Every structure is written in structure tokens, then in C-alpha cells.
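Novice: Provided herewith: target.txt, compact mmCIF, N, CA and C atoms and all ligand atoms.
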```
# COMPACT_ATOMS: atom_id res chain seq x y z
N MET A 1276 315.01 -6.58 54.99
CA MET A 1276 315.32 -7.28 56.24
C MET A 1276 314.31 -6.94 57.34
N ILE A 1277 314.09 -5.63 57.54
CA ILE A 1277 313.11 -5.19 58.54
C ILE A 1277 311.73 -5.72 58.19
N GLU A 1278 311.43 -5.71 56.90
CA GLU A 1278 310.13 -6.21 56.43
C GLU A 1278 309.98 -7.70 56.76
N LYS A 1279 311.07 -8.43 56.61
CA LYS A 1279 311.07 -9.86 56.91
C LYS A 1279 310.77 -10.10 58.39
N ILE A 1280 311.44 -9.31 59.23
CA ILE A 1280 311.24 -9.44 60.68
C ILE A 1280 309.79 -9.10 61.03
N ARG A 1281 309.29 -8.05 60.39
CA ARG A 1281 307.93 -7.61 60.66
C ARG A 1281 306.93 -8.72 60.29
N LYS A 1282 307.19 -9.35 59.16
CA LYS A 1282 306.33 -10.43 58.70
C LYS A 1282 306.39 -11.61 59.67
N PHE A 1283 307.62 -11.88 60.11
CA PHE A 1283 307.83 -13.00 61.03
C PHE A 1283 307.12 -12.74 62.36
N MET A 1284 307.16 -11.50 62.81
CA MET A 1284 306.58 -11.15 64.11
C MET A 1284 305.07 -10.91 64.04
N TYR A 1285 304.54 -10.88 62.83
CA TYR A 1285 303.12 -10.61 62.67
C TYR A 1285 302.29 -11.68 63.39
N LYS A 1286 301.33 -11.21 64.18
CA LYS A 1286 300.45 -12.09 64.95
C LYS A 1286 301.21 -12.98 65.92
N ARG A 1287 302.29 -12.49 66.42
CA ARG A 1287 302.98 -13.19 67.49
C ARG A 1287 302.89 -12.35 68.76
N ASN A 1288 303.09 -13.02 69.87
CA ASN A 1288 302.86 -12.36 71.15
C ASN A 1288 303.78 -11.16 71.39
N GLY A 1289 305.05 -11.34 71.14
CA GLY A 1289 306.01 -10.24 71.35
C GLY A 1289 306.31 -9.99 72.81
N ILE A 1290 306.69 -8.76 73.09
CA ILE A 1290 307.11 -8.42 74.45
C ILE A 1290 305.91 -7.95 75.26
N ASP A 1291 305.73 -8.54 76.44
CA ASP A 1291 304.72 -8.06 77.37
C ASP A 1291 305.34 -7.97 78.77
N ASP A 1292 304.50 -7.67 79.75
CA ASP A 1292 305.02 -7.47 81.12
C ASP A 1292 305.70 -8.73 81.65
N LEU A 1293 305.09 -9.87 81.36
CA LEU A 1293 305.66 -11.13 81.84
C LEU A 1293 307.03 -11.38 81.21
N PHE A 1294 307.16 -10.97 79.95
CA PHE A 1294 308.44 -11.09 79.27
C PHE A 1294 309.51 -10.28 80.02
N TYR A 1295 309.18 -9.04 80.37
CA TYR A 1295 310.12 -8.20 81.12
C TYR A 1295 310.50 -8.84 82.45
N PHE A 1296 309.44 -9.34 83.14
CA PHE A 1296 309.68 -9.96 84.44
C PHE A 1296 310.63 -11.15 84.31
N MET A 1297 310.36 -12.00 83.32
CA MET A 1297 311.20 -13.19 83.12
C MET A 1297 312.61 -12.81 82.71
N PHE A 1298 312.69 -11.75 81.95
CA PHE A 1298 314.00 -11.27 81.52
C PHE A 1298 314.83 -10.82 82.73
N ILE A 1299 314.19 -10.06 83.61
CA ILE A 1299 314.87 -9.60 84.83
C ILE A 1299 315.23 -10.79 85.71
N LEU A 1300 314.27 -11.72 85.83
CA LEU A 1300 314.51 -12.91 86.63
C LEU A 1300 315.70 -13.71 86.08
N TYR A 1301 315.71 -13.86 84.77
CA TYR A 1301 316.81 -14.57 84.12
C TYR A 1301 318.14 -13.87 84.38
N PHE A 1302 318.10 -12.56 84.27
CA PHE A 1302 319.30 -11.74 84.48
C PHE A 1302 319.83 -11.91 85.92
N ILE A 1303 318.91 -11.86 86.89
CA ILE A 1303 319.29 -12.02 88.30
C ILE A 1303 319.89 -13.40 88.52
N ILE A 1304 319.21 -14.41 87.98
CA ILE A 1304 319.71 -15.79 88.12
C ILE A 1304 321.11 -15.90 87.50
N TYR A 1305 321.27 -15.29 86.34
CA TYR A 1305 322.56 -15.32 85.65
C TYR A 1305 323.66 -14.70 86.52
N ILE A 1306 323.36 -13.54 87.09
CA ILE A 1306 324.35 -12.84 87.93
C ILE A 1306 324.66 -13.66 89.18
N VAL A 1307 323.61 -14.16 89.82
CA VAL A 1307 323.79 -14.95 91.05
C VAL A 1307 324.66 -16.17 90.75
N ASN A 1308 324.39 -16.78 89.61
CA ASN A 1308 325.11 -18.00 89.27
C ASN A 1308 326.56 -17.75 88.85
N LEU A 1309 326.89 -16.51 88.59
CA LEU A 1309 328.30 -16.19 88.31
C LEU A 1309 329.15 -16.50 89.54
N PHE A 1310 328.49 -16.35 90.72
CA PHE A 1310 329.20 -16.60 91.97
C PHE A 1310 328.99 -18.03 92.45
N LEU A 1311 327.77 -18.53 92.29
CA LEU A 1311 327.45 -19.86 92.82
C LEU A 1311 327.93 -20.98 91.90
N LYS A 1312 327.88 -20.72 90.59
CA LYS A 1312 328.27 -21.72 89.59
C LYS A 1312 327.57 -23.06 89.78
N SER A 1313 326.26 -22.98 89.99
CA SER A 1313 325.49 -24.20 90.19
C SER A 1313 324.86 -24.64 88.88
N LEU A 1314 324.94 -25.93 88.60
CA LEU A 1314 324.37 -26.48 87.36
C LEU A 1314 322.85 -26.38 87.38
N ILE A 1315 322.26 -26.62 88.56
CA ILE A 1315 320.80 -26.58 88.69
C ILE A 1315 320.27 -25.18 88.39
N ILE A 1316 320.93 -24.18 88.97
CA ILE A 1316 320.52 -22.79 88.73
C ILE A 1316 320.69 -22.45 87.26
N ASP A 1317 321.76 -22.98 86.67
CA ASP A 1317 322.02 -22.79 85.25
C ASP A 1317 320.86 -23.33 84.42
N ILE A 1318 320.42 -24.53 84.77
CA ILE A 1318 319.32 -25.18 84.05
C ILE A 1318 318.03 -24.37 84.22
N ILE A 1319 317.77 -23.92 85.46
CA ILE A 1319 316.58 -23.11 85.72
C ILE A 1319 316.60 -21.85 84.84
N GLY A 1320 317.78 -21.24 84.77
CA GLY A 1320 317.95 -20.04 83.94
C GLY A 1320 317.65 -20.33 82.49
N ILE A 1321 318.14 -21.46 82.00
CA ILE A 1321 317.92 -21.84 80.60
C ILE A 1321 316.43 -22.09 80.34
N ILE A 1322 315.78 -22.77 81.31
CA ILE A 1322 314.34 -23.04 81.17
C ILE A 1322 313.56 -21.72 81.09
N ILE A 1323 313.91 -20.78 81.98
CA ILE A 1323 313.24 -19.47 81.96
C ILE A 1323 313.46 -18.79 80.62
N PHE A 1324 314.67 -18.89 80.13
CA PHE A 1324 315.02 -18.28 78.85
C PHE A 1324 314.20 -18.89 77.70
N ILE A 1325 314.07 -20.22 77.73
CA ILE A 1325 313.30 -20.91 76.68
C ILE A 1325 311.82 -20.50 76.74
N ILE A 1326 311.25 -20.51 77.96
CA ILE A 1326 309.84 -20.12 78.13
C ILE A 1326 309.63 -18.69 77.64
N MET A 1327 310.59 -17.84 78.02
CA MET A 1327 310.54 -16.44 77.64
C MET A 1327 310.42 -16.30 76.12
N PHE A 1328 311.26 -17.00 75.38
CA PHE A 1328 311.24 -16.88 73.93
C PHE A 1328 310.12 -17.66 73.28
N TYR A 1329 309.68 -18.71 73.95
CA TYR A 1329 308.52 -19.44 73.45
C TYR A 1329 307.31 -18.51 73.50
N ARG A 1330 307.17 -17.79 74.63
CA ARG A 1330 306.05 -16.86 74.78
C ARG A 1330 306.18 -15.70 73.78
N TYR A 1331 307.41 -15.27 73.59
CA TYR A 1331 307.69 -14.14 72.70
C TYR A 1331 307.27 -14.46 71.26
N LEU A 1332 307.56 -15.68 70.84
CA LEU A 1332 307.28 -16.06 69.46
C LEU A 1332 305.94 -16.77 69.29
N SER A 1333 305.25 -16.98 70.39
CA SER A 1333 304.00 -17.73 70.33
C SER A 1333 302.94 -17.03 69.48
N LYS A 1334 302.17 -17.85 68.76
CA LYS A 1334 301.08 -17.30 67.95
C LYS A 1334 299.75 -17.38 68.68
N ASP A 1335 299.74 -18.10 69.80
CA ASP A 1335 298.52 -18.21 70.59
C ASP A 1335 298.42 -17.00 71.52
N ILE A 1336 298.07 -15.87 70.93
CA ILE A 1336 298.11 -14.60 71.65
C ILE A 1336 297.13 -14.57 72.83
N SER A 1337 295.93 -15.13 72.64
CA SER A 1337 294.93 -15.06 73.71
C SER A 1337 295.41 -15.82 74.95
N LYS A 1338 296.05 -16.96 74.71
CA LYS A 1338 296.57 -17.75 75.83
C LYS A 1338 297.70 -17.00 76.54
N ARG A 1339 298.58 -16.38 75.75
CA ARG A 1339 299.71 -15.63 76.32
C ARG A 1339 299.20 -14.42 77.09
N LYS A 1340 298.11 -13.83 76.57
CA LYS A 1340 297.53 -12.66 77.23
C LYS A 1340 296.97 -13.06 78.60
N LYS A 1341 296.35 -14.23 78.63
CA LYS A 1341 295.82 -14.74 79.89
C LYS A 1341 296.94 -14.93 80.91
N GLU A 1342 298.05 -15.49 80.45
CA GLU A 1342 299.21 -15.69 81.33
C GLU A 1342 299.71 -14.35 81.85
N ASN A 1343 299.77 -13.40 80.94
CA ASN A 1343 300.25 -12.06 81.31
C ASN A 1343 299.31 -11.40 82.33
N ASP A 1344 297.99 -11.58 82.11
CA ASP A 1344 297.01 -11.02 83.04
C ASP A 1344 297.15 -11.64 84.43
N LYS A 1345 297.37 -12.95 84.44
CA LYS A 1345 297.57 -13.65 85.72
C LYS A 1345 298.78 -13.09 86.45
N TYR A 1346 299.83 -12.88 85.69
CA TYR A 1346 301.06 -12.32 86.26
C TYR A 1346 300.80 -10.93 86.83
N LEU A 1347 300.08 -10.10 86.06
CA LEU A 1347 299.81 -8.72 86.51
C LEU A 1347 298.96 -8.71 87.78
N LYS A 1348 297.98 -9.63 87.83
CA LYS A 1348 297.12 -9.74 89.01
C LYS A 1348 297.96 -10.07 90.24
N LEU A 1349 298.82 -11.06 90.08
CA LEU A 1349 299.68 -11.51 91.18
C LEU A 1349 300.61 -10.38 91.62
N LYS A 1350 301.14 -9.69 90.63
CA LYS A 1350 302.06 -8.58 90.90
C LYS A 1350 301.36 -7.50 91.72
N ASN A 1351 300.12 -7.15 91.30
CA ASN A 1351 299.36 -6.14 92.03
C ASN A 1351 299.05 -6.57 93.45
N LYS A 1352 298.74 -7.85 93.60
CA LYS A 1352 298.45 -8.39 94.93
C LYS A 1352 299.66 -8.20 95.84
N ILE A 1353 300.82 -8.55 95.32
CA ILE A 1353 302.06 -8.45 96.11
C ILE A 1353 302.35 -6.98 96.45
N ILE A 1354 302.15 -6.10 95.48
CA ILE A 1354 302.39 -4.68 95.71
C ILE A 1354 301.43 -4.15 96.78
N ASN A 1355 300.15 -4.51 96.66
CA ASN A 1355 299.17 -4.05 97.64
C ASN A 1355 299.47 -4.60 99.02
N TYR A 1356 299.91 -5.85 99.06
CA TYR A 1356 300.21 -6.48 100.34
C TYR A 1356 301.36 -5.75 101.03
N SER A 1357 302.38 -5.43 100.26
CA SER A 1357 303.54 -4.77 100.86
C SER A 1357 303.22 -3.33 101.24
N LYS A 1358 302.19 -2.74 100.59
CA LYS A 1358 301.80 -1.37 100.91
C LYS A 1358 300.94 -1.30 102.16
N SER A 1359 300.17 -2.35 102.42
CA SER A 1359 299.25 -2.31 103.55
C SER A 1359 300.04 -2.23 104.85
N ASN A 1360 299.50 -1.48 105.81
CA ASN A 1360 300.22 -1.30 107.07
C ASN A 1360 299.62 -2.15 108.18
N SER A 1361 298.99 -3.24 107.79
CA SER A 1361 298.42 -4.13 108.78
C SER A 1361 298.84 -5.56 108.50
N ILE A 1362 298.80 -6.36 109.54
CA ILE A 1362 299.03 -7.78 109.35
C ILE A 1362 297.80 -8.54 109.83
N TYR A 1363 297.61 -9.72 109.30
CA TYR A 1363 296.46 -10.53 109.68
C TYR A 1363 296.95 -11.74 110.44
N LYS A 1364 296.31 -11.97 111.55
CA LYS A 1364 296.72 -13.12 112.34
C LYS A 1364 295.51 -13.79 112.93
N LYS A 1365 295.55 -15.11 112.94
CA LYS A 1365 294.46 -15.89 113.50
C LYS A 1365 294.71 -16.11 114.98
N CYS A 1366 293.69 -15.90 115.79
CA CYS A 1366 293.79 -16.22 117.22
C CYS A 1366 293.86 -17.73 117.34
N ARG A 1367 294.85 -18.21 118.09
CA ARG A 1367 295.05 -19.67 118.12
C ARG A 1367 293.96 -20.37 118.93
N LYS A 1368 293.24 -19.62 119.77
CA LYS A 1368 292.22 -20.24 120.61
C LYS A 1368 290.85 -20.26 119.92
N CYS A 1369 290.39 -19.10 119.46
CA CYS A 1369 289.03 -19.04 118.90
C CYS A 1369 289.03 -18.92 117.37
N LYS A 1370 290.20 -18.87 116.76
CA LYS A 1370 290.35 -18.82 115.30
C LYS A 1370 289.78 -17.56 114.65
N THR A 1371 289.53 -16.54 115.44
CA THR A 1371 289.08 -15.26 114.88
C THR A 1371 290.25 -14.62 114.14
N VAL A 1372 289.96 -14.09 112.96
CA VAL A 1372 291.03 -13.41 112.22
C VAL A 1372 291.10 -11.96 112.68
N LEU A 1373 292.26 -11.56 113.15
CA LEU A 1373 292.45 -10.21 113.68
C LEU A 1373 293.28 -9.39 112.72
N LYS A 1374 292.89 -8.13 112.58
CA LYS A 1374 293.68 -7.20 111.78
C LYS A 1374 294.50 -6.37 112.75
N LEU A 1375 295.79 -6.49 112.63
CA LEU A 1375 296.67 -5.81 113.58
C LEU A 1375 297.54 -4.79 112.86
N PRO A 1376 297.69 -3.61 113.43
CA PRO A 1376 298.58 -2.63 112.80
C PRO A 1376 300.01 -3.11 112.81
N LEU A 1377 300.74 -2.77 111.81
CA LEU A 1377 302.13 -3.21 111.71
C LEU A 1377 302.98 -2.63 112.85
N PRO A 1378 303.95 -3.35 113.27
CA PRO A 1378 304.80 -2.86 114.36
C PRO A 1378 305.53 -1.59 113.96
N TYR A 1379 305.61 -0.64 114.86
CA TYR A 1379 306.42 0.54 114.60
C TYR A 1379 307.74 0.43 115.33
N LYS A 1380 307.82 -0.57 116.19
CA LYS A 1380 309.05 -0.84 116.92
C LYS A 1380 309.18 -2.36 117.00
N ARG A 1381 310.35 -2.84 116.72
CA ARG A 1381 310.52 -4.29 116.72
C ARG A 1381 310.57 -4.86 118.13
N GLY A 1382 310.10 -6.06 118.27
CA GLY A 1382 310.10 -6.72 119.56
C GLY A 1382 308.82 -7.49 119.77
N ILE A 1383 308.90 -8.56 120.52
CA ILE A 1383 307.71 -9.38 120.74
C ILE A 1383 306.77 -8.69 121.71
N ASN A 1384 305.52 -8.70 121.38
CA ASN A 1384 304.51 -8.07 122.21
C ASN A 1384 303.25 -8.92 122.23
N HIS A 1385 302.28 -8.49 123.02
CA HIS A 1385 301.05 -9.27 123.11
C HIS A 1385 299.85 -8.37 122.87
N ALA A 1386 298.85 -8.94 122.22
CA ALA A 1386 297.60 -8.24 122.02
C ALA A 1386 296.49 -9.15 122.53
N LYS A 1387 295.43 -8.54 123.01
CA LYS A 1387 294.33 -9.33 123.54
C LYS A 1387 293.31 -9.53 122.45
N CYS A 1388 292.93 -10.77 122.24
CA CYS A 1388 291.90 -11.07 121.25
C CYS A 1388 290.57 -10.51 121.76
N PRO A 1389 289.89 -9.66 120.98
CA PRO A 1389 288.64 -9.06 121.46
C PRO A 1389 287.50 -10.06 121.60
N THR A 1390 287.61 -11.20 120.98
CA THR A 1390 286.54 -12.19 121.03
C THR A 1390 286.61 -13.08 122.26
N CYS A 1391 287.80 -13.65 122.49
CA CYS A 1391 287.89 -14.61 123.59
C CYS A 1391 288.81 -14.15 124.72
N GLY A 1392 289.49 -13.05 124.51
CA GLY A 1392 290.36 -12.54 125.56
C GLY A 1392 291.70 -13.24 125.64
N CYS A 1393 291.94 -14.14 124.71
CA CYS A 1393 293.20 -14.88 124.67
C CYS A 1393 294.33 -13.95 124.21
N MET A 1394 295.52 -14.16 124.74
CA MET A 1394 296.63 -13.32 124.34
C MET A 1394 297.24 -13.82 123.03
N VAL A 1395 297.41 -12.91 122.11
CA VAL A 1395 298.03 -13.24 120.82
C VAL A 1395 299.42 -12.63 120.82
N THR A 1396 300.39 -13.45 120.55
CA THR A 1396 301.76 -12.96 120.53
C THR A 1396 302.09 -12.41 119.15
N ILE A 1397 302.57 -11.21 119.12
CA ILE A 1397 302.92 -10.56 117.86
C ILE A 1397 304.08 -9.61 118.10
N PHE A 1398 304.53 -9.01 117.03
CA PHE A 1398 305.53 -7.98 117.19
C PHE A 1398 304.83 -6.69 117.65
N THR A 1399 305.58 -5.81 118.20
CA THR A 1399 305.04 -4.58 118.79
C THR A 1399 303.98 -3.92 117.92
N LEU A 1400 302.93 -3.48 118.52
CA LEU A 1400 301.87 -2.82 117.77
C LEU A 1400 301.05 -1.92 118.68
N LYS A 1401 300.20 -1.15 118.05
CA LYS A 1401 299.30 -0.29 118.82
C LYS A 1401 298.06 -1.11 119.15
N ARG A 1402 297.82 -1.33 120.39
CA ARG A 1402 296.73 -2.20 120.79
C ARG A 1402 295.34 -1.71 120.38
N GLN A 1403 295.15 -0.43 120.41
CA GLN A 1403 293.79 0.08 120.21
C GLN A 1403 293.26 -0.12 118.78
N LYS A 1404 294.15 -0.47 117.86
CA LYS A 1404 293.71 -0.58 116.48
C LYS A 1404 293.27 -1.99 116.06
N ILE A 1405 293.20 -2.90 117.00
CA ILE A 1405 292.84 -4.27 116.66
C ILE A 1405 291.40 -4.34 116.13
N GLU A 1406 291.27 -5.00 114.99
CA GLU A 1406 289.95 -5.16 114.41
C GLU A 1406 289.66 -6.64 114.21
N VAL A 1407 288.41 -7.01 114.40
CA VAL A 1407 288.03 -8.39 114.12
C VAL A 1407 287.59 -8.47 112.67
N ILE A 1408 288.28 -9.29 111.91
CA ILE A 1408 287.97 -9.41 110.49
C ILE A 1408 286.93 -10.49 110.26
N ARG A 1409 287.13 -11.63 110.87
CA ARG A 1409 286.21 -12.74 110.63
C ARG A 1409 286.09 -13.57 111.88
N LYS A 1410 284.88 -13.72 112.33
CA LYS A 1410 284.65 -14.57 113.50
C LYS A 1410 284.34 -15.97 113.03
N LYS A 1411 284.84 -16.92 113.81
CA LYS A 1411 284.54 -18.30 113.42
C LYS A 1411 283.29 -18.77 114.15
ZN ZN A 1501 290.45 -15.37 120.31
```
The structure given in the file should be rewritten as C-alpha cells.
Specialist:
Amino acid sequence: MIEKIRKFMYKRNGIDDLFYFMFILYFIIYIVNLFLKSLIIDIIGIIIFIIMFYRYLSKDISKRKKENDKYLKLKNKIINYSKSNSIYKKCRKCKTVLKLPLPYKRGINHAKCPTCGCMVTIFTLKRQKIEVIRKK
């Protein structure tokens, strides 16, 4: 029996990071839908489940690997973004991209654009850390 499974799984994609992600996503959707009982969410869950197993059993390993790499890249981007302690905002007047430190206290505040002197409205931040990222 185990030998049969092994033969069946030979040269198939199997479990990768994207599989785990989809599994968790499916699980979350399933739990959420226990309360919402929406047919659309149900269908989305089923589609995710089908894709998940299609990828799992797929013999086109190089294509599946590419998908997995794309997912990992995106995941890293999101992780890095959430780790960074700065936000990027475009000055509405001169379109200069400003790097602003993240607020340490909530509330609307203003920063002066170093290029044109225009006031940029943002959440509270340390003014002295403003950096010009890209001038237009
Ligand atoms: Zn400006």
C-alpha cells in the first residue's frame, strides 16, 4: 500500500509552502463560513481546495515551483513591509516621494515637504527624520 502511494506520488509536486498557505486559507474560510454560511464563500473555499490538490498532484513540477517561488517572494515583501518602521508618501504638490518615520503616537499631524515646503498631512511622526526618496 505504502509502495503504491509512493509510486503514485513519484514526480509529483507534493506539499510546498504555497500548499500550506492555501491549506490555512481554506481552513480560515471554512471557519469563517461556519458563522456566515455564505454560498459564495463556500464556493471560494472549494475552488481553493481544488487548486490546492491540483498543485499537490501536479506533475509539472517546474511550473509549480515557479508558483511557489512567486508566493514566497510576495510573502517576504509583505513581511519586510510590515517590519519597516517608515511609511512612504507622495507630496501632493511636487510629487516628491518622502520617507516618513512611522507614528509613535496616533493623531493627525503635518510634515513639511523638504522640496517645495508644502505641508503633508500624516499621522504623528518625528519631523527630523524626513527623507527625500525620489524627486520628480
Ligand atoms: Zn513637495
Novice: Find the residues near ligand ZN 1501 (chain A). Use a cut-off of 7 Å, count all atoms listed in the file, and write them as a list in words.
Specialist: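 Checked against 7 Å with all atoms listed in the file; the hits are Lys1365, Cys1366, Arg1367, Lys1368, Cys1369, Lys1370, Thr1371, Lys1387, Cys1388, Pro1389, Thr1390, Cys1391, Gly1392, Cys1393 and Met1394 of chain A.
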Novice: Using Å and a single decimal, report how far atom CA of A:Asp1292 sits from atom N of A:Asp1317.
Specialist: 23.5 Å
Novice: Give me, please, the distance in Å between atom C of A:Tyr1285 and atom N of A:Asp1344, quoted to one decimal.
Specialist: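 Atom N of A:Asp1344 lies at a distance of 19.2 Å from atom C of A:Tyr1285.
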Novice: Give the strand (DSSP E) residues of stretch 1330-1368 of chain A, as DSSP finds them on the backbone, and put them as a count of residues only.
Specialist: 5
Novice: Which residue, A:Phe1283, A:Thr1396, A:Leu1375, A:Glu1342, has the smallest gap to A:Tyr1363 when you use only C-alpha atoms?
Specialist: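 Nearest candidate to A:Tyr1363 out of A:Phe1283, A:Thr1396, A:Leu1375, A:Glu1342: A:Leu1375.
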Novice: In Å, rounded to a single decimal, give me how far atom N of A:Phe1296 is from atom CA of A:Leu1349.
Specialist: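 So the two atoms, atom CA of A:Leu1349 and atom N of A:Phe1296, lie 12.8 Å apart.
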Novice: For A:Tyr1305, find every residue with an atom within 8 Å (counting all atoms listed in the file), except residues of its own chain fewer than 4 positions away, and show them as a list in words.
Specialist: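 Skipping anything fewer than 4 positions along the chain leaves Ile1299, Leu1300, Tyr1301, Leu1309, Phe1310, Ile1316, Asp1317 and Gly1320 of chain A.
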Novice: Measuring between only N, CA and C atoms, which one of A:Lys1312, A:Lys1341, A:Lys1334, A:Lys1350 shows the shortest distance to A:Lys1286?
Specialist: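 Looking only at the distances to A:Lys1286, the closest residue turns out to be A:Lys1334.
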Novice: Please return, as a PDB file with N, CA and C atoms, keeping the file's coordinate frame, all polymer residues that have at least one atom within 6 Å of the point (304.1, -9.2, 77.4); use only C-alpha atoms and the file's own coordinate frame.
Specialist:
```pdb
ATOM      1  N   ILE A1290     306.690  -8.760  73.090  1.00  0.00           N
ATOM      2  CA  ILE A1290     307.110  -8.420  74.450  1.00  0.00           C
ATOM      3  C   ILE A1290     305.910  -7.950  75.260  1.00  0.00           C
ATOM      4  N   ASP A1291     305.730  -8.540  76.440  1.00  0.00           N
ATOM      5  CA  ASP A1291     304.720  -8.060  77.370  1.00  0.00           C
ATOM      6  C   ASP A1291     305.340  -7.970  78.770  1.00  0.00           C
ATOM      7  N   ASP A1292     304.500  -7.670  79.750  1.00  0.00           N
ATOM      8  CA  ASP A1292     305.020  -7.470  81.120  1.00  0.00           C
ATOM      9  C   ASP A1292     305.700  -8.730  81.650  1.00  0.00           C
ATOM     10  N   LEU A1293     305.090  -9.870  81.360  1.00  0.00           N
ATOM     11  CA  LEU A1293     305.660 -11.130  81.840  1.00  0.00           C
ATOM     12  C   LEU A1293     307.030 -11.380  81.210  1.00  0.00           C
ATOM     13  N   PHE A1294     307.160 -10.970  79.950  1.00  0.00           N
ATOM     14  CA  PHE A1294     308.440 -11.090  79.270  1.00  0.00           C
ATOM     15  C   PHE A1294     309.510 -10.280  80.020  1.00  0.00           C
TER      16      PHE A1294
END
```
